[in-house]
Amino acid sequence: MLSFFIYTIEQISIYLKKGKSMKLRYSSLLLGLLIPITSIQAEVELTPPNAKAGECYAKVVIPAKYKTVEDKVLVQEASTKIKVIPAKYEWVEEKVEVTPASEKLITVPPKYKKISEVIEVKPALRSWHTSLRRHAAPVSNELLAAAKLKGVDIENTTPGTCYKEYYTPESYKTVTQEVIIQKESNKTKVIPAKYEMVEKTIVVKPATKKTVTVPATYEYVNEKVLVEKEKTVWKKGKNPATKLDGATGEIMCLIKVPAKYKTIKKKVVKTPATTKVIEIPAETKTIKVKKLISPAKTETVTIPAVKTTIEKKVLEHGPSFSWIRVGDPVEKGLNYTGHEICLVETPAVTKKVTKVVLDTPATTKKIPIEPTYKTIKVKKLVEEAKEIKTPIEAVYKTIQKKEKISEAHQSWERILCQTNMNKDVILQIQNALKEKGYNPGKIDGVLGRDTRIALDKYQRDNSLATGGITYETLKALGINQ
């Protein structure tokens with residue numbers, strides 16, 4: 001498609017360089033050819049599809065197709081006419097408040113008084129120590145945690161209470177245990193294999209087969225062979241309409257080529273070659289050999305384990321700990337660990353102070369002030385302004401417009417070419433164009449310049465494919481081919 005467009009531009013350039021003046025209608029014709037071609041997508045096959053032998057085809061431009069439709073157009077939109085009736089007023093006397101009623105505020109100051117109060121300077125403190133003596137050492141958190149774990153109620157203990165830690169020592173017991181001095185093991189005994197001498201026949205030379213070849217026989221025959229199959233080939237044809245402006249498509253004609261044969265003399269097999277097989281017997285020999293009666297084997301003998309009995313001490317139970325409140329009885333067998341915890345309380349420190357406090361807070365007293373009035377004339381609304389709306393209908397007009405059905409595109413179409421065009425066909429085309437109001441020039445059966453221009457104009461006016469004398473154009477002109 002691009003090469004065809006370049007070719008068309010080159011033809012116009014050559015035409016201008018020759019100094020020929022181009023008439024306005026020819027300029028319009030060339031521009032009309034170029035504009036649709038440049039906008040068509042180049043997606044056409046290289047050869048015509050479903051072509052038949054003896055027919056000619058060309059790449060032609062199928063113009064865009066349109067249909068006439070009616071459309072209702074709004075000439076004047078719907079609207080509303082509004083008429084305003086003004087409001088009505090009258091003059092009346094009215095008592096107007098000059099100054100509104102109000103209040104005057106008078107401040108009443110606050111009253112104070114002196115009171116005595118005991119305040120805590122240092123709060124009471126509880127802590128765990130190693131004894132109730134003054135300056136006794138504090139107890140570690142780890143020891144408190146161990147006491148709590150053994151049941152001491154740390155949080156709810158009364159101040160002045162002490163606990164001591166006691167323990168029961170671990171105990172052991174004697175047990176008897178059987179131990180292995182030597183583990184059980186196995187001993188393996190080997191028993192050798194047993195043999196005897198026997199006679200055995202062996203093959204010295206195996207049986208074989210000998211193959212004898214019987215040669216083939218031949219004869220000569222004549223045969224007709226296919227050298228080249230029948231085929232159809234595409235050959236470029238000449239389009240008579242290309243002389244108009246160079247904008248028509250390439251023409252391809254499908255030609256049938258017959259098959260080619262050749263007679264040859266060839267040598268063929270009359271009887272094929274064969275083979276004959278001769279049997280050769282085997283050769284044998286008798287020898288003495290050793291025959292296995294029983295294979296070698298092993299026997300396993302078990303050696304039992306050696307054991308002895310010993311006595312040993314094992315832990316029966318470990319040491320146990322417990323906390324007992326001081327003053328409570330201690331069971332026999334419990335030993336004191338030396339750990340003791342006591343809850344000591346240090347009383348709070350207080351101080352008496354005198355301070356001034358608010359007895360009655362500051363307040364305000366309200367004194368009412370009466371409003372003042374004045375009589376004046378004012379304009380009073382009797383009837384409000386109002387609107388009267390009258391609707392105005394929309395005005396429409398029906399117009400006709402063209403609507404595109406399909407885009408312009410390029411396609412292979414069957415056309416008239418030198419193989420199927422004659423003077424009678426051209427005369428029919430010229431007469432048909434003249435009947436439809438297109439001037440083909442002289443009615444002489446020659447596809448001249450005037451006939452080509454008239455044919456191209458007829459195709460464009462009737463939205464037919466341009467670029468060749470297509471069978472679609474012939475049908476439109478009423479010519480049967």
# chains A, B, ... in the order shown; residues from 1 in each chain; ligands from 1
call {"tool": "select_by_dssp", "arguments": {"residues": "segment 76-258 of chain A", "states": "strand (DSSP E)", "output": "short mmCIF file (atom, residue, chain, number, x, y, z; two decimals) with N, CA and C atoms, in the first residue's frame"}}
result
data_model
loop_
_atom_site.label_atom_id
_atom_site.label_comp_id
_atom_site.auth_asym_id
_atom_site.auth_seq_id
_atom_site.Cartn_x
_atom_site.Cartn_y
_atom_site.Cartn_z
N GLN A 76 -35.44 25.24 19.56
CA GLN A 76 -35.61 26.14 20.71
C GLN A 76 -35.99 25.30 21.92
N SER A 79 -38.98 26.47 27.85
CA SER A 79 -38.69 27.51 28.84
C SER A 79 -39.97 27.89 29.59
N THR A 80 -39.81 28.83 30.50
CA THR A 80 -40.95 29.29 31.31
C THR A 80 -41.00 30.83 31.31
N LYS A 81 -42.18 31.39 31.08
CA LYS A 81 -42.38 32.84 31.14
C LYS A 81 -42.89 33.20 32.54
N ILE A 82 -42.15 34.11 33.22
CA ILE A 82 -42.48 34.46 34.60
C ILE A 82 -43.00 35.90 34.67
N LYS A 83 -44.19 36.10 35.32
CA LYS A 83 -44.78 37.42 35.54
C LYS A 83 -44.79 37.67 37.06
N VAL A 84 -44.16 38.79 37.51
CA VAL A 84 -44.04 39.10 38.94
C VAL A 84 -45.10 40.13 39.35
N ILE A 85 -45.94 39.79 40.36
CA ILE A 85 -46.93 40.73 40.94
C ILE A 85 -46.33 41.26 42.24
N LYS A 88 -47.97 44.18 48.51
CA LYS A 88 -48.81 45.32 48.93
C LYS A 88 -48.52 45.66 50.39
N TYR A 89 -48.39 46.99 50.72
CA TYR A 89 -48.08 47.45 52.08
C TYR A 89 -49.10 48.51 52.53
N GLU A 90 -49.14 48.79 53.88
CA GLU A 90 -49.95 49.89 54.45
C GLU A 90 -49.20 50.46 55.66
N TRP A 91 -49.48 51.80 55.97
CA TRP A 91 -48.81 52.47 57.09
C TRP A 91 -49.65 52.29 58.37
N VAL A 92 -48.97 51.88 59.48
CA VAL A 92 -49.64 51.68 60.77
C VAL A 92 -48.75 52.24 61.88
N GLU A 93 -49.39 52.61 63.03
CA GLU A 93 -48.63 53.05 64.19
C GLU A 93 -48.26 51.84 65.03
N GLU A 94 -46.97 51.84 65.50
CA GLU A 94 -46.48 50.69 66.26
C GLU A 94 -45.61 51.16 67.40
N LYS A 95 -45.78 50.52 68.60
CA LYS A 95 -44.98 50.83 69.78
C LYS A 95 -43.67 50.03 69.69
N VAL A 96 -42.57 50.80 69.63
CA VAL A 96 -41.26 50.16 69.42
C VAL A 96 -40.43 50.28 70.69
N GLU A 97 -39.78 49.20 71.07
CA GLU A 97 -38.90 49.19 72.25
C GLU A 97 -37.61 49.91 71.90
N VAL A 98 -37.34 51.02 72.66
CA VAL A 98 -36.12 51.81 72.41
C VAL A 98 -34.95 51.16 73.13
N THR A 99 -35.14 50.88 74.43
CA THR A 99 -34.10 50.17 75.19
C THR A 99 -34.76 48.96 75.84
N SER A 102 -33.25 45.07 81.19
CA SER A 102 -31.92 44.54 81.49
C SER A 102 -31.74 44.39 83.00
N GLU A 103 -30.56 43.95 83.42
CA GLU A 103 -30.23 43.76 84.83
C GLU A 103 -28.89 44.39 85.12
N LYS A 104 -28.75 44.95 86.39
CA LYS A 104 -27.50 45.53 86.84
C LYS A 104 -26.92 44.58 87.89
N LEU A 105 -25.65 44.22 87.73
CA LEU A 105 -24.99 43.26 88.63
C LEU A 105 -24.12 44.02 89.62
N ILE A 106 -24.29 43.66 90.97
CA ILE A 106 -23.45 44.24 92.04
C ILE A 106 -22.67 43.09 92.67
N THR A 107 -21.34 43.24 92.82
CA THR A 107 -20.47 42.18 93.35
C THR A 107 -20.50 42.16 94.87
N VAL A 108 -20.70 40.95 95.49
CA VAL A 108 -20.63 40.73 96.94
C VAL A 108 -19.33 40.00 97.20
N LYS A 111 -16.04 35.65 101.97
CA LYS A 111 -15.68 35.67 103.38
C LYS A 111 -14.78 34.48 103.69
N TYR A 112 -13.74 34.67 104.59
CA TYR A 112 -12.76 33.63 104.95
C TYR A 112 -12.80 33.37 106.45
N LYS A 113 -12.23 32.14 106.87
CA LYS A 113 -12.12 31.81 108.30
C LYS A 113 -10.85 30.99 108.51
N LYS A 114 -10.36 31.00 109.82
CA LYS A 114 -9.14 30.25 110.17
C LYS A 114 -9.53 28.92 110.79
N ILE A 115 -8.80 27.78 110.38
CA ILE A 115 -9.04 26.46 110.96
C ILE A 115 -7.69 25.79 111.24
N SER A 116 -7.68 24.85 112.23
CA SER A 116 -6.47 24.07 112.56
C SER A 116 -6.61 22.69 111.93
N GLU A 117 -5.48 22.12 111.39
CA GLU A 117 -5.51 20.83 110.69
C GLU A 117 -4.23 20.07 110.95
N VAL A 118 -4.34 18.76 111.22
CA VAL A 118 -3.17 17.89 111.41
C VAL A 118 -2.84 17.27 110.03
N ILE A 119 -1.60 17.47 109.57
CA ILE A 119 -1.17 16.93 108.26
C ILE A 119 -0.06 15.91 108.47
N GLU A 120 0.02 14.94 107.61
CA GLU A 120 1.04 13.88 107.67
C GLU A 120 2.30 14.37 106.98
N VAL A 121 3.37 14.43 107.79
CA VAL A 121 4.67 14.89 107.26
C VAL A 121 5.41 13.71 106.62
N LYS A 122 5.34 12.55 107.31
CA LYS A 122 5.99 11.34 106.81
C LYS A 122 5.03 10.18 107.01
N LEU A 125 5.31 3.31 107.49
CA LEU A 125 6.07 2.45 106.58
C LEU A 125 6.17 1.05 107.16
N ARG A 126 5.88 0.01 106.33
CA ARG A 126 6.04 -1.39 106.72
C ARG A 126 7.16 -2.00 105.89
N SER A 127 8.05 -2.80 106.58
CA SER A 127 9.17 -3.45 105.88
C SER A 127 9.57 -4.72 106.62
N TRP A 128 10.18 -5.66 105.89
CA TRP A 128 10.63 -6.95 106.45
C TRP A 128 12.11 -6.86 106.81
N HIS A 129 12.40 -7.30 108.07
CA HIS A 129 13.79 -7.29 108.57
C HIS A 129 14.13 -8.66 109.13
N CYS A 162 7.05 -12.66 113.34
CA CYS A 162 8.29 -13.18 112.77
C CYS A 162 8.08 -14.64 112.34
N TYR A 163 8.84 -15.05 111.28
CA TYR A 163 8.84 -16.44 110.79
C TYR A 163 10.27 -16.92 110.72
N LYS A 164 10.48 -18.26 111.05
CA LYS A 164 11.79 -18.88 110.93
C LYS A 164 11.71 -20.04 109.94
N GLU A 165 12.86 -20.27 109.23
CA GLU A 165 12.92 -21.33 108.22
C GLU A 165 13.56 -22.58 108.84
N TYR A 166 12.92 -23.74 108.64
CA TYR A 166 13.43 -25.04 109.11
C TYR A 166 13.54 -25.96 107.91
N TYR A 167 14.43 -27.04 108.09
CA TYR A 167 14.58 -28.00 107.00
C TYR A 167 14.66 -29.41 107.54
N THR A 168 14.26 -30.38 106.70
CA THR A 168 14.40 -31.82 106.99
C THR A 168 15.48 -32.34 106.07
N SER A 171 17.48 -38.27 102.79
CA SER A 171 17.68 -39.63 103.29
C SER A 171 18.00 -40.56 102.13
N TYR A 172 18.78 -41.64 102.42
CA TYR A 172 19.21 -42.61 101.41
C TYR A 172 18.75 -44.00 101.82
N LYS A 173 18.70 -44.96 100.83
CA LYS A 173 18.37 -46.36 101.11
C LYS A 173 19.30 -47.25 100.30
N THR A 174 19.52 -48.53 100.82
CA THR A 174 20.41 -49.49 100.16
C THR A 174 19.58 -50.41 99.29
N VAL A 175 19.99 -50.60 97.99
CA VAL A 175 19.29 -51.47 97.05
C VAL A 175 20.28 -52.44 96.42
N THR A 176 19.77 -53.63 95.99
CA THR A 176 20.58 -54.66 95.32
C THR A 176 20.35 -54.58 93.83
N GLN A 177 21.46 -54.68 93.03
CA GLN A 177 21.37 -54.56 91.57
C GLN A 177 22.25 -55.61 90.91
N GLU A 178 21.72 -56.25 89.86
CA GLU A 178 22.46 -57.25 89.08
C GLU A 178 23.13 -56.56 87.90
N VAL A 179 24.48 -56.75 87.76
CA VAL A 179 25.24 -56.11 86.68
C VAL A 179 25.90 -57.17 85.82
N ILE A 180 26.10 -56.87 84.53
CA ILE A 180 26.75 -57.80 83.56
C ILE A 180 28.24 -57.52 83.54
N ILE A 181 29.03 -58.62 83.84
CA ILE A 181 30.51 -58.50 83.78
C ILE A 181 30.97 -58.70 82.34
N GLN A 182 30.35 -59.69 81.66
CA GLN A 182 30.70 -60.00 80.25
C GLN A 182 29.40 -60.23 79.49
N SER A 185 27.80 -63.46 73.65
CA SER A 185 28.44 -63.33 72.34
C SER A 185 28.22 -64.60 71.53
N ASN A 186 28.57 -64.53 70.20
CA ASN A 186 28.43 -65.67 69.28
C ASN A 186 29.78 -66.03 68.70
N LYS A 187 30.02 -67.41 68.47
CA LYS A 187 31.26 -67.92 67.87
C LYS A 187 30.87 -68.66 66.60
N THR A 188 31.53 -68.37 65.46
CA THR A 188 31.19 -68.97 64.16
C THR A 188 32.19 -70.06 63.80
N LYS A 189 31.65 -71.28 63.34
CA LYS A 189 32.45 -72.44 62.93
C LYS A 189 32.19 -72.68 61.45
N VAL A 190 33.29 -72.84 60.59
CA VAL A 190 33.17 -73.02 59.14
C VAL A 190 33.26 -74.51 58.81
N ILE A 191 32.26 -75.07 57.99
CA ILE A 191 32.27 -76.46 57.50
C ILE A 191 32.53 -76.40 56.00
N LYS A 194 31.77 -80.22 49.85
CA LYS A 194 32.10 -81.59 49.44
C LYS A 194 31.88 -81.74 47.94
N TYR A 195 32.83 -82.48 47.19
CA TYR A 195 32.77 -82.66 45.75
C TYR A 195 32.94 -84.14 45.40
N GLU A 196 32.57 -84.54 44.06
CA GLU A 196 32.83 -85.86 43.49
C GLU A 196 33.13 -85.71 42.01
N MET A 197 33.91 -86.67 41.39
CA MET A 197 34.29 -86.62 39.98
C MET A 197 33.22 -87.30 39.13
N VAL A 198 32.71 -86.64 38.02
CA VAL A 198 31.71 -87.19 37.10
C VAL A 198 32.11 -86.90 35.67
N GLU A 199 31.56 -87.72 34.67
CA GLU A 199 31.82 -87.52 33.24
C GLU A 199 30.78 -86.53 32.67
N LYS A 200 31.26 -85.63 31.71
CA LYS A 200 30.39 -84.61 31.12
C LYS A 200 30.72 -84.45 29.64
N THR A 201 29.66 -84.42 28.77
CA THR A 201 29.83 -84.22 27.32
C THR A 201 29.72 -82.72 27.03
N ILE A 202 30.77 -82.17 26.33
CA ILE A 202 30.79 -80.74 26.00
C ILE A 202 30.82 -80.56 24.49
N VAL A 203 30.32 -79.45 23.97
CA VAL A 203 30.33 -79.12 22.53
C VAL A 203 31.63 -78.44 22.20
N VAL A 204 32.43 -79.10 21.32
CA VAL A 204 33.72 -78.52 20.88
C VAL A 204 33.45 -77.49 19.79
N LYS A 205 32.55 -77.84 18.84
CA LYS A 205 32.21 -76.93 17.74
C LYS A 205 30.69 -76.99 17.56
N THR A 208 26.14 -75.34 12.81
CA THR A 208 26.06 -74.08 12.07
C THR A 208 25.23 -74.27 10.81
N LYS A 209 24.93 -73.11 10.12
CA LYS A 209 24.21 -73.13 8.85
C LYS A 209 25.01 -72.36 7.82
N LYS A 210 25.09 -72.91 6.56
CA LYS A 210 25.80 -72.26 5.47
C LYS A 210 24.77 -71.78 4.46
N THR A 211 24.81 -70.46 4.08
CA THR A 211 23.85 -69.88 3.14
C THR A 211 24.49 -69.71 1.78
N VAL A 212 23.82 -70.24 0.71
CA VAL A 212 24.29 -70.15 -0.68
C VAL A 212 23.36 -69.18 -1.41
N THR A 213 23.90 -68.15 -2.15
CA THR A 213 23.12 -67.14 -2.85
C THR A 213 22.76 -67.59 -4.25
N VAL A 214 21.45 -67.40 -4.63
CA VAL A 214 20.96 -67.66 -5.99
C VAL A 214 20.71 -66.29 -6.62
N THR A 217 17.29 -62.39 -11.81
CA THR A 217 17.25 -62.22 -13.28
C THR A 217 16.49 -60.94 -13.58
N TYR A 218 16.84 -60.21 -14.71
CA TYR A 218 16.28 -58.89 -15.05
C TYR A 218 15.75 -58.88 -16.47
N GLU A 219 14.92 -57.80 -16.84
CA GLU A 219 14.43 -57.53 -18.18
C GLU A 219 14.18 -56.03 -18.31
N TYR A 220 14.09 -55.49 -19.57
CA TYR A 220 13.92 -54.06 -19.85
C TYR A 220 12.47 -53.78 -20.25
N VAL A 221 11.86 -52.64 -19.68
CA VAL A 221 10.49 -52.22 -20.01
C VAL A 221 10.45 -50.70 -20.23
N ASN A 222 9.44 -50.22 -21.05
CA ASN A 222 9.24 -48.78 -21.28
C ASN A 222 8.18 -48.26 -20.29
N GLU A 223 8.42 -47.01 -19.70
CA GLU A 223 7.48 -46.44 -18.71
C GLU A 223 7.35 -44.93 -18.91
N LYS A 224 6.08 -44.40 -18.80
CA LYS A 224 5.80 -42.95 -18.91
C LYS A 224 5.79 -42.36 -17.49
N VAL A 225 6.71 -41.41 -17.23
CA VAL A 225 6.84 -40.83 -15.88
C VAL A 225 6.46 -39.34 -15.90
N LEU A 226 5.91 -38.85 -14.76
CA LEU A 226 5.50 -37.44 -14.61
C LEU A 226 6.73 -36.60 -14.28
N VAL A 227 7.04 -35.63 -15.18
CA VAL A 227 8.19 -34.74 -14.95
C VAL A 227 7.76 -33.53 -14.12
N GLU A 228 6.58 -32.95 -14.46
CA GLU A 228 6.08 -31.76 -13.74
C GLU A 228 4.55 -31.85 -13.67
N LYS A 231 -0.37 -27.36 -12.75
CA LYS A 231 -0.38 -26.33 -11.71
C LYS A 231 -1.01 -25.05 -12.25
N THR A 232 -1.30 -24.14 -11.31
CA THR A 232 -1.79 -22.80 -11.66
C THR A 232 -0.80 -21.79 -11.11
N VAL A 233 -0.49 -20.76 -11.90
CA VAL A 233 0.48 -19.73 -11.50
C VAL A 233 -0.14 -18.36 -11.68
N TRP A 234 0.32 -17.40 -10.88
CA TRP A 234 -0.13 -16.01 -10.97
C TRP A 234 0.83 -15.25 -11.91
N LYS A 235 0.25 -14.56 -12.89
CA LYS A 235 1.04 -13.72 -13.78
C LYS A 235 0.44 -12.32 -13.79
N LYS A 236 1.31 -11.32 -13.85
CA LYS A 236 0.83 -9.94 -13.86
C LYS A 236 0.11 -9.66 -15.18
N ILE A 251 -2.74 -5.79 -11.13
CA ILE A 251 -3.61 -6.84 -11.69
C ILE A 251 -2.85 -8.16 -11.67
N MET A 252 -3.50 -9.26 -11.17
CA MET A 252 -2.92 -10.61 -11.14
C MET A 252 -3.89 -11.55 -11.83
N CYS A 253 -3.38 -12.37 -12.81
CA CYS A 253 -4.21 -13.33 -13.53
C CYS A 253 -3.75 -14.74 -13.17
N LEU A 254 -4.68 -15.67 -12.87
CA LEU A 254 -4.38 -17.05 -12.51
C LEU A 254 -4.40 -17.91 -13.77
N ILE A 255 -3.22 -18.46 -14.19
CA ILE A 255 -3.06 -19.23 -15.45
C ILE A 255 -2.86 -20.70 -15.11
N LYS A 256 -3.53 -21.63 -15.84
CA LYS A 256 -3.38 -23.08 -15.65
C LYS A 256 -2.27 -23.60 -16.57
N VAL A 257 -1.25 -24.29 -16.01
CA VAL A 257 -0.12 -24.88 -16.77
C VAL A 257 -0.31 -26.39 -16.76
#
call {"tool": "atom_distance", "arguments": {"atom1": "atom CA of Leu416 of chain A", "atom2": "atom CA of Lys65 of chain A"}}
result
23.8 Å
call {"tool": "closest_residue", "arguments": {"among": "A:Glu403, A:Asp461, A:Asp450, A:Glu384", "to": "Pro86 of chain A", "atoms": "only C-alpha atoms"}}
result
A:Glu384
call {"tool": "residues_around", "arguments": {"residues": "Ile429 of chain A", "least_positions_apart": "4", "cutoff": "9 Å", "atoms": "only C-alpha atoms", "output": "VMD selection string"}}
result
chain A and resid 424 to 425 433 to 434 440 445 451 455 474 477 479
call {"tool": "select_by_dssp", "arguments": {"residues": "segment 68-214 of chain A", "states": "alpha helix (DSSP H)", "output": "compact mmCIF listing (two decimals) with N, CA and C atoms, in the first residue's frame"}}
result
# COMPACT_ATOMS: atom_id res chain seq x y z
N ASN A 141 14.66 -9.76 98.57
CA ASN A 141 13.44 -10.14 97.84
C ASN A 141 13.40 -11.63 97.55
N GLU A 142 14.58 -12.24 97.31
CA GLU A 142 14.66 -13.67 97.03
C GLU A 142 14.17 -14.49 98.23
N LEU A 143 14.59 -14.05 99.48
CA LEU A 143 14.19 -14.78 100.68
C LEU A 143 12.68 -14.62 100.93
N LEU A 144 12.13 -13.39 100.66
CA LEU A 144 10.69 -13.17 100.80
C LEU A 144 9.92 -14.04 99.80
N ALA A 145 10.45 -14.17 98.58
CA ALA A 145 9.79 -14.98 97.55
C ALA A 145 9.79 -16.45 97.95
N ALA A 146 10.92 -16.93 98.56
CA ALA A 146 10.99 -18.34 99.00
C ALA A 146 9.99 -18.59 100.13
N ALA A 147 9.86 -17.61 101.07
CA ALA A 147 8.91 -17.76 102.18
C ALA A 147 7.48 -17.78 101.67
N LYS A 148 7.18 -16.89 100.71
CA LYS A 148 5.83 -16.83 100.14
C LYS A 148 5.48 -18.13 99.42
N LEU A 149 6.52 -18.71 98.72
CA LEU A 149 6.33 -19.96 98.00
C LEU A 149 5.99 -21.11 98.95
call {"tool": "residues_around", "arguments": {"residues": "Ala465 of chain A", "least_positions_apart": "3", "cutoff": "10 Å", "atoms": "only C-alpha atoms", "output": "count of residues only"}}
result
21
call {"tool": "closest_residue", "arguments": {"among": "A:Thr284, A:Pro192, A:Glu184, A:Pro206", "to": "Val301 of chain A", "atoms": "only C-alpha atoms"}}
result
A:Glu184
call {"tool": "closest_residue", "arguments": {"among": "A:Lys72, A:Lys332, A:Lys389, A:Lys150", "to": "Lys401 of chain A", "atoms": "only C-alpha atoms"}}
result
A:Lys72
call {"tool": "residues_around", "arguments": {"residues": "Glu435 of chain A", "least_positions_apart": "3", "cutoff": "12 Å", "atoms": "only C-alpha atoms", "output": "JSON, numbers by chain"}}
result
{"A": [428, 429, 430, 431, 432, 438, 439, 440, 454, 458, 477, 478]}
call {"tool": "write_last_selection", "arguments": {"atoms": "C-alpha atoms", "output": "PDB file, in the first residue's frame"}}
result
ATOM      1  CA  GLN A 428     -21.522  -1.159 -23.960  1.00  0.00           C
ATOM      2  CA  ILE A 429     -19.673   0.713 -21.136  1.00  0.00           C
ATOM      3  CA  GLN A 430     -19.615   3.993 -23.144  1.00  0.00           C
ATOM      4  CA  ASN A 431     -23.334   3.779 -24.022  1.00  0.00           C
ATOM      5  CA  ALA A 432     -24.296   2.893 -20.415  1.00  0.00           C
ATOM      6  CA  TYR A 438     -21.730  10.799 -17.713  1.00  0.00           C
ATOM      7  CA  ASN A 439     -19.815  11.986 -20.822  1.00  0.00           C
ATOM      8  CA  PRO A 440     -17.544   9.129 -22.094  1.00  0.00           C
ATOM      9  CA  ALA A 454     -16.392   9.314 -16.809  1.00  0.00           C
ATOM     10  CA  TYR A 458     -19.513   7.202 -11.965  1.00  0.00           C
ATOM     11  CA  LEU A 477     -24.172  -0.173 -15.455  1.00  0.00           C
ATOM     12  CA  GLY A 478     -26.459  -3.085 -16.482  1.00  0.00           C
TER      13      GLY A 478
END
call {"tool": "atom_distance", "arguments": {"atom1": "atom CA of Leu334 of chain A", "atom2": "atom CA of Ser320 of chain A"}}
result
9.5 Å
call {"tool": "atom_distance", "arguments": {"atom1": "atom CA of Ala136 of chain A", "atom2": "atom CA of His339 of chain A"}}
result
13.2 Å
call {"tool": "residues_around", "arguments": {"residues": "Ala207 of chain A", "least_positions_apart": "6", "cutoff": "8 Å", "atoms": "only C-alpha atoms", "output": "PyMOL selection string"}}
result
chain A and resi 279-283
